[in-house]
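> Structure file upload.cif (mmCIF, C-alpha atoms) right here:
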```cif
data_final
loop_
_atom_site.label_atom_id
_atom_site.label_comp_id
_atom_site.auth_asym_id
_atom_site.auth_seq_id
_atom_site.Cartn_x
_atom_site.Cartn_y
_atom_site.Cartn_z
CA MET A 189 31.59 0.33 28.91
CA GLN A 190 30.30 3.58 27.52
CA HIS A 191 29.42 4.62 24.05
CA PRO A 192 32.34 6.54 22.51
CA ALA A 193 30.21 9.57 21.65
CA PHE A 194 27.29 9.50 24.06
CA GLU A 195 27.98 9.02 27.72
CA GLU A 196 24.27 8.58 28.48
CA VAL A 197 24.36 5.34 26.50
CA THR A 198 25.75 3.06 29.15
CA VAL A 199 25.62 -0.40 27.69
CA GLN A 200 27.17 -1.00 24.33
CA HIS A 201 25.09 -2.88 21.85
CA GLU A 202 26.57 -6.22 21.19
CA GLN A 203 28.93 -6.08 18.26
CA GLN A 204 28.05 -8.94 16.00
CA ASP A 205 30.71 -10.51 13.85
CA ASP A 206 30.12 -10.33 10.11
CA ALA A 207 29.23 -13.97 9.67
CA ALA A 208 26.48 -13.92 12.33
CA PHE A 209 25.16 -10.58 11.03
CA ASN A 210 25.05 -11.72 7.42
CA LYS A 211 23.33 -14.93 8.41
CA LYS A 212 20.67 -13.07 10.38
CA ILE A 213 20.01 -10.59 7.57
CA ARG A 214 19.89 -13.30 4.93
CA LYS A 215 17.46 -15.30 7.05
CA THR A 216 15.17 -12.31 7.59
CA THR A 217 15.26 -11.33 3.90
CA ILE A 218 14.29 -14.85 2.86
CA LEU A 219 11.59 -14.93 5.53
CA LEU A 220 10.06 -11.62 4.37
CA SER A 221 10.17 -12.74 0.74
CA VAL A 222 8.58 -16.09 1.51
CA ILE A 223 5.80 -14.46 3.55
CA THR A 224 5.16 -12.01 0.69
CA VAL A 225 4.98 -14.86 -1.81
CA ILE A 226 2.50 -16.71 0.42
CA GLU A 227 0.43 -13.51 0.70
CA LEU A 228 0.42 -13.18 -3.08
CA ALA A 229 -0.58 -16.82 -3.46
CA LEU A 230 -3.48 -16.30 -1.05
CA GLY A 231 -4.41 -13.11 -2.93
CA LEU A 232 -4.51 -15.05 -6.20
CA ALA A 233 -6.54 -17.79 -4.51
CA ILE A 234 -9.08 -15.16 -3.43
CA TYR A 235 -9.13 -13.83 -7.01
CA THR A 236 -9.78 -17.32 -8.38
CA ILE A 237 -12.54 -18.02 -5.85
CA HIS A 238 -14.16 -14.68 -6.71
CA LYS A 239 -14.14 -15.53 -10.41
CA GLY A 240 -15.67 -18.97 -9.83
CA PRO A 241 -19.39 -19.67 -10.16
CA ASP A 242 -20.18 -19.89 -6.45
CA PRO A 243 -17.75 -17.83 -4.32
CA ASN A 244 -17.41 -19.17 -0.79
CA ALA A 245 -17.57 -16.06 1.41
CA THR A 246 -16.30 -17.83 4.53
CA LEU A 247 -13.25 -19.20 2.73
CA ILE A 248 -12.45 -15.76 1.31
CA LEU A 249 -12.75 -14.24 4.77
CA ALA A 250 -10.47 -16.93 6.22
CA PHE A 251 -7.86 -16.27 3.52
CA LYS A 252 -8.06 -12.53 4.16
CA GLY A 253 -7.57 -13.18 7.87
CA MET A 254 -4.50 -15.28 7.14
CA ILE A 255 -3.10 -12.49 4.97
CA CYS A 256 -3.59 -10.02 7.85
CA ILE A 257 -1.73 -12.30 10.27
CA LEU A 258 1.12 -12.77 7.76
CA THR A 259 1.31 -8.97 7.37
CA LEU A 260 1.66 -8.57 11.13
CA ALA A 261 4.46 -11.17 11.05
CA LYS A 262 6.22 -9.15 8.36
CA ALA A 263 5.83 -5.97 10.39
CA TYR A 264 7.29 -7.76 13.43
CA TYR A 265 10.40 -8.88 11.54
CA ILE A 266 10.97 -5.47 9.93
CA VAL A 267 10.72 -3.66 13.26
CA SER A 268 12.55 -6.25 15.33
CA VAL A 269 15.44 -7.11 13.00
CA PHE A 270 15.81 -4.34 10.43
CA MET A 271 15.05 -1.52 12.84
CA HIS A 272 16.90 -3.35 15.65
CA LEU A 273 14.12 -2.73 18.16
CA GLY A 274 14.51 -6.36 19.24
CA ASP A 275 18.11 -5.59 20.28
CA GLU A 276 17.18 -2.60 22.46
CA ILE A 277 16.57 -2.80 26.19
CA ARG A 278 13.10 -3.56 27.53
CA ASN A 279 12.40 0.08 28.46
CA MET A 280 12.84 1.14 24.84
CA ILE A 281 10.74 -1.69 23.43
CA MET A 282 7.90 -0.91 25.84
CA THR A 283 7.86 2.83 25.17
CA ILE A 284 7.22 2.06 21.50
CA VAL A 285 5.02 -1.01 21.69
CA VAL A 286 2.64 -0.06 24.52
CA PRO A 287 1.21 3.07 22.81
CA LEU A 288 0.62 0.98 19.69
CA LEU A 289 -1.89 -1.08 21.69
CA LEU A 290 -4.29 1.83 21.03
CA PHE A 291 -4.65 0.38 17.53
CA ILE A 292 -6.65 -2.53 18.94
CA TRP A 293 -9.38 -0.11 20.01
CA PHE A 294 -8.83 2.13 16.99
CA ILE A 295 -9.41 -0.59 14.40
CA ILE A 296 -12.32 -2.31 16.12
CA ALA A 297 -14.18 0.91 16.98
CA PHE A 298 -13.99 2.50 13.55
CA ILE A 299 -14.64 -0.62 11.49
CA TYR A 300 -17.65 -1.33 13.72
CA ASP A 301 -18.83 2.25 13.29
CA GLY A 302 -18.62 2.00 9.50
CA HIS A 303 -20.54 -1.27 9.54
CA SER A 304 -23.20 0.17 11.85
CA TYR A 305 -23.64 3.18 9.53
CA LYS A 306 -24.24 0.82 6.62
CA GLU A 307 -26.84 -1.17 8.55
CA LEU A 308 -28.68 1.99 9.59
CA ARG A 309 -28.69 3.36 6.05
CA ASN A 310 -29.96 0.09 4.60
CA GLU A 311 -32.75 0.07 7.15
CA PHE A 312 -33.87 3.68 6.85
CA ASP A 313 -32.73 4.66 3.34
CA LYS A 314 -34.20 2.06 0.98
CA HIS A 315 -33.05 4.03 -2.05
CA PHE A 316 -29.45 3.62 -0.89
CA GLN A 317 -29.94 -0.09 -0.41
CA GLU A 318 -31.65 -0.65 -3.77
CA THR A 319 -29.20 1.36 -5.82
CA THR A 320 -25.95 0.15 -4.29
CA THR A 321 -26.49 -3.54 -3.54
CA PRO A 322 -24.84 -5.62 -6.28
CA VAL A 323 -27.35 -7.21 -8.66
CA GLN A 324 -27.04 -10.90 -9.37
CA HIS A 325 -26.33 -12.20 -12.85
CA GLN A 326 -30.00 -12.71 -13.77
CA PRO A 327 -31.32 -9.82 -15.90
CA ALA A 328 -33.51 -7.47 -13.93
CA GLU A 329 -37.26 -7.25 -14.57
CA LYS A 330 -37.28 -3.61 -15.50
CA PRO A 331 -34.45 -1.27 -16.43
CA GLN A 332 -32.71 -0.14 -13.32
CA SER A 333 -32.28 3.56 -12.94
CA PRO A 334 -28.63 4.44 -13.41
CA VAL A 335 -26.74 5.36 -10.33
CA GLY A 336 -24.94 8.63 -10.33
CA GLY A 337 -22.75 9.83 -7.50
CA LYS A 338 -23.47 8.26 -4.17
CA GLU A 339 -23.76 10.96 -1.63
CA MET B 61 27.79 1.96 41.06
CA SER B 62 29.17 0.75 37.81
CA THR B 63 27.09 -1.31 35.45
CA THR B 64 27.63 -4.97 35.88
CA THR B 65 24.96 -6.66 33.81
CA VAL B 66 22.02 -5.27 31.85
CA HIS B 67 19.52 -6.75 34.30
CA LYS B 68 20.95 -5.12 37.39
CA THR B 69 21.28 -1.65 35.86
CA LYS B 70 19.07 0.96 37.51
CA TRP B 71 17.86 2.59 34.33
CA TRP B 72 15.88 5.38 36.00
CA SER B 73 18.43 6.45 38.58
CA GLY B 74 19.69 9.30 36.45
CA GLY B 75 22.94 10.15 34.76
CA LYS B 76 22.22 7.87 31.86
CA SER B 77 19.61 7.28 29.19
CA PRO B 78 16.83 5.05 30.57
CA PHE B 79 16.37 3.80 27.03
CA ASN B 80 20.08 3.22 26.55
CA LEU B 81 19.91 5.21 23.31
CA GLU B 82 21.09 8.66 22.38
CA TYR B 83 18.59 11.51 22.13
CA GLY B 84 18.38 11.62 18.35
CA LYS B 85 17.47 7.99 17.92
CA VAL B 86 14.83 8.04 20.66
CA MET B 87 13.23 11.08 19.03
CA MET B 88 13.33 9.40 15.63
CA TRP B 89 11.46 6.46 17.16
CA TYR B 90 8.84 8.78 18.67
CA PHE B 91 8.44 10.59 15.35
CA LEU B 92 7.95 7.27 13.59
CA MET B 93 5.40 6.21 16.20
CA SER B 94 3.40 9.40 15.61
CA ASP B 95 3.67 8.79 11.87
CA THR B 96 2.37 5.28 12.48
CA PHE B 97 -0.75 6.81 13.97
CA THR B 98 -1.12 9.18 11.03
CA PHE B 99 -0.97 6.35 8.52
CA GLY B 100 -3.04 4.17 10.82
CA ALA B 101 -5.75 6.83 10.97
CA PHE B 102 -5.78 7.10 7.17
CA LEU B 103 -6.02 3.36 6.63
CA ILE B 104 -8.61 2.85 9.37
CA SER B 105 -10.69 5.68 7.95
CA TYR B 106 -10.50 3.91 4.58
CA GLY B 107 -11.66 0.70 6.26
CA SER B 108 -14.47 2.52 8.03
CA ILE B 109 -15.80 3.97 4.77
CA ARG B 110 -15.40 0.63 3.04
CA PHE B 111 -17.45 -1.11 5.72
CA SER B 112 -20.17 1.54 5.36
CA GLN B 113 -20.82 0.66 1.70
CA ASN B 114 -22.89 -2.16 0.25
CA THR B 115 -20.44 -2.61 -2.55
CA TRP B 116 -16.77 -1.85 -2.86
CA VAL B 117 -14.14 -1.76 -5.54
CA ASP B 118 -12.69 -5.12 -6.64
CA HIS B 119 -8.94 -4.48 -6.35
CA ASN B 120 -8.17 -7.28 -8.79
CA VAL B 121 -10.08 -5.35 -11.45
CA VAL B 122 -8.34 -2.06 -10.63
CA PHE B 123 -4.77 -3.27 -10.31
CA SER B 124 -4.45 -5.77 -13.14
CA ALA B 125 -2.11 -3.99 -15.52
CA PHE B 126 1.60 -4.43 -16.05
CA PRO B 127 3.88 -2.06 -17.99
CA GLY B 128 4.35 -3.28 -21.54
CA ALA B 129 1.77 -6.06 -21.17
CA GLY B 130 -1.01 -4.12 -22.89
CA HIS B 131 -4.47 -5.26 -21.86
CA ALA B 132 -3.31 -8.56 -20.34
CA ASN B 133 -5.12 -9.30 -17.07
CA LEU B 134 -2.35 -9.68 -14.48
CA PRO B 135 -3.75 -9.05 -11.00
CA LEU B 136 -1.15 -8.55 -8.23
CA ALA B 137 1.79 -8.77 -10.67
CA PHE B 138 2.95 -5.16 -10.73
CA VAL B 139 2.37 -4.48 -7.05
CA SER B 140 4.45 -7.53 -6.12
CA VAL B 141 7.32 -6.04 -8.12
CA MET B 142 6.92 -2.80 -6.15
CA THR B 143 6.81 -4.72 -2.86
CA PHE B 144 9.99 -6.64 -3.61
CA ILE B 145 11.77 -3.46 -4.67
CA LEU B 146 11.03 -1.97 -1.24
CA ILE B 147 12.02 -5.13 0.66
CA ILE B 148 15.34 -5.31 -1.19
CA SER B 149 16.03 -1.60 -0.66
CA SER B 150 15.36 -2.15 3.04
CA VAL B 151 17.99 -4.90 3.07
CA THR B 152 20.56 -2.67 1.37
CA MET B 153 19.81 -0.02 4.02
CA VAL B 154 20.54 -2.56 6.78
CA LEU B 155 23.86 -3.25 5.08
CA ALA B 156 24.61 0.49 4.91
CA VAL B 157 23.93 0.83 8.65
CA HIS B 158 26.14 -2.19 9.34
CA ALA B 159 28.96 -0.69 7.26
CA GLY B 160 28.53 2.50 9.33
CA HIS B 161 28.93 0.50 12.56
CA LYS B 162 32.32 -0.58 11.36
CA GLY B 163 33.28 2.89 10.11
CA ASN B 164 33.49 1.57 6.58
CA LYS B 165 32.99 4.76 4.56
CA GLN B 166 33.03 3.16 1.11
CA GLY B 167 30.60 0.47 2.26
CA VAL B 168 28.15 3.09 3.58
CA ILE B 169 28.24 4.98 0.28
CA LYS B 170 27.87 1.85 -1.83
CA TRP B 171 24.85 0.47 0.06
CA LEU B 172 23.20 3.89 0.38
CA LEU B 173 23.41 4.33 -3.38
CA TRP B 174 21.73 0.94 -3.90
CA THR B 175 19.02 2.00 -1.44
CA ILE B 176 18.50 5.27 -3.32
CA LEU B 177 18.23 3.30 -6.56
CA GLY B 178 15.53 1.11 -4.99
CA GLY B 179 13.62 4.17 -3.78
CA VAL B 180 13.75 5.82 -7.20
CA ALA B 181 12.66 2.55 -8.84
CA PHE B 182 9.70 2.33 -6.47
CA LEU B 183 8.68 5.93 -7.15
CA SER B 184 8.90 5.30 -10.89
CA CYS B 185 6.62 2.29 -10.53
CA GLN B 186 4.15 4.37 -8.58
CA ALA B 187 4.25 7.14 -11.19
CA TRP B 188 3.46 4.59 -13.88
CA GLU B 189 0.63 3.11 -11.85
CA TRP B 190 -0.97 6.49 -11.12
CA HIS B 191 -0.65 7.52 -14.75
CA HIS B 192 -2.22 4.27 -15.87
CA LEU B 193 -5.14 4.60 -13.43
CA ILE B 194 -5.86 8.25 -14.29
CA THR B 195 -5.59 7.96 -18.07
CA GLY B 196 -6.86 4.39 -18.57
CA GLU B 197 -10.53 4.95 -19.39
CA HIS B 198 -13.28 2.42 -18.84
CA ALA B 199 -16.93 2.30 -19.87
CA VAL B 200 -19.49 3.33 -17.26
CA LEU B 201 -23.25 3.73 -17.42
CA VAL B 202 -24.05 7.16 -16.05
CA ASN B 203 -27.20 9.28 -16.48
CA GLY B 204 -28.61 6.95 -19.12
CA GLN B 205 -25.58 7.03 -21.39
CA ILE B 206 -22.23 5.34 -21.73
CA ASP B 207 -19.24 7.36 -20.63
CA LEU B 208 -15.52 6.61 -20.57
CA ILE B 209 -13.76 7.65 -17.38
CA GLY B 210 -10.48 6.97 -15.62
CA GLN B 211 -9.90 6.80 -11.89
CA THR B 212 -9.66 10.25 -10.33
CA MET B 213 -10.45 11.81 -6.97
CA GLY B 214 -13.94 12.71 -8.22
CA ALA B 215 -15.03 9.48 -9.88
CA ASN B 216 -13.90 6.02 -10.80
CA PRO B 217 -15.18 3.33 -13.16
CA TRP B 218 -15.04 0.48 -10.62
CA GLY B 219 -18.71 0.01 -9.67
CA ASN B 220 -20.88 -3.06 -10.17
CA ILE B 221 -21.06 -4.57 -13.66
CA VAL B 222 -24.30 -3.62 -15.41
CA HIS B 223 -26.03 -6.83 -16.57
CA ASP B 224 -29.23 -5.15 -17.74
CA GLN B 225 -29.02 -5.43 -21.56
CA ALA B 226 -32.07 -3.21 -22.15
CA ALA B 227 -30.55 -0.38 -20.13
CA LEU B 228 -27.26 -0.74 -21.99
CA THR B 229 -28.92 -0.68 -25.40
CA SER B 230 -30.91 2.44 -24.61
CA ALA B 231 -27.81 4.05 -23.09
CA LEU B 232 -25.92 3.31 -26.29
CA ALA B 233 -28.55 5.23 -28.27
CA ASN B 234 -27.89 8.30 -26.09
CA THR B 235 -24.13 8.07 -26.28
CA PRO B 236 -22.38 10.82 -28.29
CA HIS B 237 -20.24 10.10 -31.36
CA GLU B 238 -16.91 10.87 -29.71
CA THR B 239 -17.50 8.39 -26.89
CA LEU B 240 -18.73 5.71 -29.32
CA VAL B 241 -15.53 6.05 -31.35
CA HIS B 242 -13.34 5.47 -28.30
CA LEU B 243 -15.61 2.73 -26.96
CA VAL B 244 -15.30 0.76 -30.19
CA HIS B 245 -11.60 1.49 -30.37
CA SER B 246 -11.04 0.02 -26.91
CA GLN B 247 -12.03 -3.45 -28.14
CA ASP B 248 -11.44 -3.27 -31.91
CA HIS B 249 -7.88 -2.38 -32.89
CA SER B 250 -8.33 -3.17 -36.60
CA HIS B 251 -9.56 0.38 -37.24
CA SER B 252 -7.73 3.58 -36.42
CA ILE B 253 -9.41 6.34 -34.44
CA ASN B 254 -9.73 8.39 -37.64
CA GLN B 255 -11.38 5.56 -39.55
CA LEU B 256 -13.84 5.05 -36.71
CA ALA B 257 -14.53 8.77 -36.43
CA ALA B 258 -15.59 8.80 -40.08
CA MET B 259 -18.23 6.12 -39.48
CA SER B 260 -21.84 6.86 -38.66
CA ASP B 261 -23.21 6.44 -35.14
CA THR B 262 -25.39 3.54 -36.28
CA GLN B 263 -22.38 1.69 -37.66
CA LEU B 264 -20.43 2.32 -34.48
CA ARG B 265 -23.31 1.16 -32.27
CA GLY B 266 -23.47 -2.05 -34.28
CA MET B 267 -19.79 -2.66 -33.55
CA VAL B 268 -20.14 -2.42 -29.76
CA ASP B 269 -20.19 -5.88 -28.22
CA PHE B 270 -21.32 -5.82 -24.60
CA ALA B 271 -20.12 -9.40 -24.16
CA GLU B 272 -16.60 -8.00 -24.61
CA ILE B 273 -16.89 -4.63 -22.91
CA HIS B 274 -17.88 -4.75 -19.28
CA VAL B 275 -19.89 -1.63 -18.60
CA ARG B 276 -19.91 -0.76 -14.93
CA GLU B 277 -21.60 1.71 -12.70
CA LYS B 278 -19.51 4.48 -11.20
CA GLY B 279 -17.61 3.13 -8.23
CA PRO B 280 -17.73 4.43 -4.67
CA ILE B 281 -16.50 8.02 -4.83
CA ALA B 282 -14.27 7.69 -1.77
CA PHE B 283 -12.03 5.06 -3.36
CA GLY B 284 -10.09 7.45 -5.61
CA GLY B 285 -9.39 9.96 -2.86
CA TYR B 286 -8.27 7.30 -0.39
CA PHE B 287 -6.10 5.50 -2.93
CA PHE B 288 -4.35 8.59 -4.25
CA GLY B 289 -4.22 10.19 -0.80
CA ILE B 290 -2.69 7.26 1.04
CA THR B 291 -0.36 5.95 -1.67
CA GLY B 292 0.55 9.57 -2.39
CA PHE B 293 1.38 10.25 1.24
CA HIS B 294 3.43 7.06 1.31
CA GLY B 295 5.11 8.03 -1.95
CA PHE B 296 5.94 11.38 -0.40
CA HIS B 297 7.62 9.52 2.47
CA VAL B 298 9.60 7.44 0.00
CA PHE B 299 10.60 10.62 -1.82
CA SER B 300 11.75 12.34 1.39
CA GLY B 301 13.56 9.12 2.36
CA VAL B 302 15.43 9.23 -0.95
CA VAL B 303 16.33 12.89 -0.33
CA ILE B 304 17.55 12.08 3.21
CA ASN B 305 19.65 9.21 1.84
CA ILE B 306 21.17 11.47 -0.81
CA ILE B 307 22.10 13.95 1.94
CA MET B 308 23.61 11.05 3.91
CA VAL B 309 25.76 10.07 0.90
CA ILE B 310 26.99 13.65 0.51
CA MET B 311 27.78 13.96 4.23
CA THR B 312 29.58 10.60 4.19
CA LYS B 313 31.61 11.66 1.17
CA LYS B 314 32.58 14.88 2.94
CA ASP B 315 33.81 12.83 5.94
CA VAL B 316 31.35 14.51 8.30
CA PHE B 317 30.67 11.24 10.15
CA LYS B 318 34.29 10.16 10.08
CA LYS B 319 35.27 13.37 11.86
CA ARG B 320 32.40 12.89 14.29
CA GLY B 321 33.71 9.44 15.08
CA HIS B 322 30.46 7.59 14.51
CA TYR B 323 27.87 6.92 11.81
CA LEU B 324 24.78 7.14 14.04
CA MET B 325 23.13 9.51 11.59
CA ILE B 326 23.01 6.66 9.07
CA GLU B 327 21.14 4.60 11.67
CA LYS B 328 18.50 7.31 12.04
CA ALA B 329 18.11 7.59 8.27
CA GLY B 330 17.90 3.80 8.25
CA LEU B 331 15.09 3.80 10.81
CA TYR B 332 13.12 6.21 8.62
CA TRP B 333 13.71 4.11 5.52
CA HIS B 334 12.61 0.89 7.20
CA PHE B 335 9.51 2.68 8.43
CA VAL B 336 8.65 3.54 4.82
CA ASP B 337 8.94 -0.15 3.99
CA LEU B 338 6.80 -0.99 7.03
CA VAL B 339 4.02 1.38 5.97
CA TRP B 340 4.05 -0.12 2.48
CA VAL B 341 3.42 -3.55 4.01
CA PHE B 342 0.13 -2.21 5.37
CA VAL B 343 -0.79 -0.15 2.29
CA PHE B 344 -0.16 -3.30 0.25
CA LEU B 345 -2.46 -5.22 2.61
CA CYS B 346 -5.32 -2.71 2.62
CA PHE B 347 -5.42 -1.73 -1.05
CA TYR B 348 -4.08 -4.69 -2.98
CA LEU B 349 -4.66 -7.85 -0.95
CA ILE B 350 -7.92 -7.64 0.97
#
```
Let me see the file written as structure tokens.


Amino acid sequence: MQHPAFEEVTVQHEQQDDAAFNKKIRKTTILLSVITVIELALGLAIYTIHKGPDPNATLILAFKGMICILTLAKAYYIVSVFMHLGDEIRNMIMTIVVPLLLFIWFIIAFIYDGHSYKELRNEFDKHFQETTTPVQHQPAEKPQSPVGGKE
Amino acid sequence: MSTTTVHKTKWWSGGKSPFNLEYGKVMMWYFLMSDTFTFGAFLISYGSIRFSQNTWVDHNVVFSAFPGAGHANLPLAFVSVMTFILIISSVTMVLAVHAGHKGNKQGVIKWLLWTILGGVAFLSCQAWEWHHLITGEHAVLVNGQIDLIGQTMGANPWGNIVHDQAALTSALANTPHETLVHLVHSQDHSHSINQLAAMSDTQLRGMVDFAEIHVREKGPIAFGGYFFGITGFHGFHVFSGVVINIIMVIMTKKDVFKKRGHYLMIEKAGLYWHFVDLVWVFVFLCFYLI
């Protein structure tokens, strides 16, 4: 069975009946909304922990990690259901997804590079370290020189 | 050899699309993939710079305003409205594409118009947010005096809070009249700007309460450029998506697709629109959540 307008499209995409389609879309909409609400709740939790007297850095990091995973889940549902990539044949899915694997290297390499730059600067540029590291709540011994633009 | 089942089809034997899609849609996918790398590069560059700093902007301090709520501290509130607007407009786009599948002209027009409305609403929200960030001035300690600045590409008031009372007091002594007037006005609404302007500097300095006004250092310079650059580039995508959807409505009204026999163009516009939603998911993550 060929596509009415494009003979190179050889297999027709399955025509869903309205009921099944509506159900799928409703389900995905609710899913995306629920994930967003969970993300917002985690974001507010991070905000509350930050405000508290003794912020737990590990807990904040864990919450941020959870938010990242939830974001990837959202991206999966948008691409797979809304953009119908999940309904395409394997060839099509692979030609899009495989190049995106570059992001694994991309993210790790550049975040690591940024971190490494910070470490090097803190080690060899004490002025940078002293003027940009957040001061704790206790008043400083002597007036700190104001920080202008950070080059 | 006619196609029997999907699994037995020889996709690469020629005479048919190995992706089982028409040219236009495959190219739209490749364009979107390249755009993914553009946005990815922007966001990763932002992350790289952020990881290279000892301190970074606290997004809950930056994005805590809501239209009409004055100075109320509402972190995440406005951006969640923007996020839901985009999710809902994505759903209406799916419905427009589905109506196109069935050749339902009125359905396509109806759902496209809802999608356009969502896009315009999102852009309006972004315009408000930008305006608020640029014009909303906050106290910063810079060069030994207090200054009031908004968030721009060149500077932003989102650095560390200054806890050193001695430095603040001496900075206050160096602060010009005009700034003092606005500084006092930002916390004390019982006097008008004119009333405050008539007061002496000593009076004004006495009215400044550093327990109420958080004076910060200037924030990392890169933040403004990245924020306005990336959300601006995304906003530009939303804007072009709205324009494309308007063109789709006009073409549908003129029966262009009906004469063509299919509404595949709506699917391509739909892919672009969903991509805009997809990018927002990651902009939302990088700027507002983590």

> Can you spell out as a compact mmCIF listing (two decimals) with C-alpha atoms, in the frame of the given file the set of residues that the PyMOL selection byres ((chain A and resi 221-231) around 10) selects in the structure I just provided?


```
# COMPACT_ATOMS: atom_id res chain seq x y z
CA LYS A 215 17.46 -15.30 7.05
CA THR A 216 15.17 -12.31 7.59
CA THR A 217 15.26 -11.33 3.90
CA ILE A 218 14.29 -14.85 2.86
CA LEU A 219 11.59 -14.93 5.53
CA LEU A 220 10.06 -11.62 4.37
CA LEU A 232 -4.51 -15.05 -6.20
CA ALA A 233 -6.54 -17.79 -4.51
CA ILE A 234 -9.08 -15.16 -3.43
CA TYR A 235 -9.13 -13.83 -7.01
CA THR A 236 -9.78 -17.32 -8.38
CA ILE A 237 -12.54 -18.02 -5.85
CA ILE A 248 -12.45 -15.76 1.31
CA PHE A 251 -7.86 -16.27 3.52
CA LYS A 252 -8.06 -12.53 4.16
CA MET A 254 -4.50 -15.28 7.14
CA ILE A 255 -3.10 -12.49 4.97
CA CYS A 256 -3.59 -10.02 7.85
CA ILE A 257 -1.73 -12.30 10.27
CA LEU A 258 1.12 -12.77 7.76
CA THR A 259 1.31 -8.97 7.37
CA ALA A 261 4.46 -11.17 11.05
CA LYS A 262 6.22 -9.15 8.36
CA ASN B 120 -8.17 -7.28 -8.79
CA PRO B 135 -3.75 -9.05 -11.00
CA LEU B 136 -1.15 -8.55 -8.23
CA ALA B 137 1.79 -8.77 -10.67
CA VAL B 139 2.37 -4.48 -7.05
CA SER B 140 4.45 -7.53 -6.12
CA THR B 143 6.81 -4.72 -2.86
CA PHE B 144 9.99 -6.64 -3.61
CA ILE B 147 12.02 -5.13 0.66
CA ILE B 148 15.34 -5.31 -1.19
CA VAL B 341 3.42 -3.55 4.01
CA LEU B 345 -2.46 -5.22 2.61
CA TYR B 348 -4.08 -4.69 -2.98
CA LEU B 349 -4.66 -7.85 -0.95
CA ILE B 350 -7.92 -7.64 0.97
```

> Within 12 Å of region 281-286 of chain A, counting only C-alpha atoms, which residues qualify if same-chain residues fewer than 2 places away don't, as a tab-separated table (two decimals) with C-alpha atoms, in the coordinates of the input?


```tsv
chain	number	residue	atom	x	y	z
A	264	TYR	CA	7.29	-7.76	13.43
A	267	VAL	CA	10.72	-3.66	13.26
A	268	SER	CA	12.55	-6.25	15.33
A	271	MET	CA	15.05	-1.52	12.84
A	272	HIS	CA	16.90	-3.35	15.65
A	273	LEU	CA	14.12	-2.73	18.16
A	274	GLY	CA	14.51	-6.36	19.24
A	275	ASP	CA	18.11	-5.59	20.28
A	276	GLU	CA	17.18	-2.60	22.46
A	277	ILE	CA	16.57	-2.80	26.19
A	278	ARG	CA	13.10	-3.56	27.53
A	279	ASN	CA	12.40	0.08	28.46
A	288	LEU	CA	0.62	0.98	19.69
A	289	LEU	CA	-1.89	-1.08	21.69
A	290	LEU	CA	-4.29	1.83	21.03
A	291	PHE	CA	-4.65	0.38	17.53
A	292	ILE	CA	-6.65	-2.53	18.94
B	78	PRO	CA	16.83	5.05	30.57
B	79	PHE	CA	16.37	3.80	27.03
B	80	ASN	CA	20.08	3.22	26.55
B	81	LEU	CA	19.91	5.21	23.31
B	86	VAL	CA	14.83	8.04	20.66
B	87	MET	CA	13.23	11.08	19.03
B	88	MET	CA	13.33	9.40	15.63
B	89	TRP	CA	11.46	6.46	17.16
B	90	TYR	CA	8.84	8.78	18.67
B	91	PHE	CA	8.44	10.59	15.35
B	92	LEU	CA	7.95	7.27	13.59
B	93	MET	CA	5.40	6.21	16.20
B	94	SER	CA	3.40	9.40	15.61
B	96	THR	CA	2.37	5.28	12.48
B	97	PHE	CA	-0.75	6.81	13.97
```

> Take the PyMOL selection byres ((chain B) within 8 of (chain A)), apply it to the structure above, and return the hits as a ChimeraX atom specification.

/B:63,66,75-82,89-90,93,100,104-105,107-115,120,135-136,140,144,147-148,150-151,154,201-204,220,223-227,277-278,280-281,321-322,330-331,334,338,341-342,345,349-350

> Hey, what's within 8 Å of Ile145 (chain B) if we count all atoms listed in the file and toss same-chain stuff fewer than 2 positions away? As number ranges by chain, please?

B: 141-143, 147-149, 178-179, 181-182

> Write a file of the selected residues as a PDB file, in the coordinates of the input, keeping C-alpha atoms.


```
ATOM      1  CA  VAL B 141       7.320  -6.040  -8.120  1.00  0.00           C
ATOM      2  CA  MET B 142       6.920  -2.800  -6.150  1.00  0.00           C
ATOM      3  CA  THR B 143       6.810  -4.720  -2.860  1.00  0.00           C
ATOM      4  CA  ILE B 147      12.020  -5.130   0.660  1.00  0.00           C
ATOM      5  CA  ILE B 148      15.340  -5.310  -1.190  1.00  0.00           C
ATOM      6  CA  SER B 149      16.030  -1.600  -0.660  1.00  0.00           C
ATOM      7  CA  GLY B 178      15.530   1.110  -4.990  1.00  0.00           C
ATOM      8  CA  GLY B 179      13.620   4.170  -3.780  1.00  0.00           C
ATOM      9  CA  ALA B 181      12.660   2.550  -8.840  1.00  0.00           C
ATOM     10  CA  PHE B 182       9.700   2.330  -6.470  1.00  0.00           C
TER      11      PHE B 182
END
```

> One number please: CA of Ile206 (chain B) to CA of Pro241 (chain A), in Å, one decimal.

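Straight-line distance from CA of Ile206 (chain B) to CA of Pro241 (chain A) works out to 27.7 Å.
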
> Rounded to one decimal in Å, what is the spacing between CA of Tyr286 (chain B) and CA of Tyr106 (chain B)?

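Distance between the two atoms: 6.4 Å.
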
> Expressed in Å to a single decimal, how great is the separation between CA of Ser300 (chain B) and CA of Cys185 (chain B)?

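Spanning CA of Ser300 (chain B) to CA of Cys185 (chain B) is a straight-line distance of 16.4 Å.
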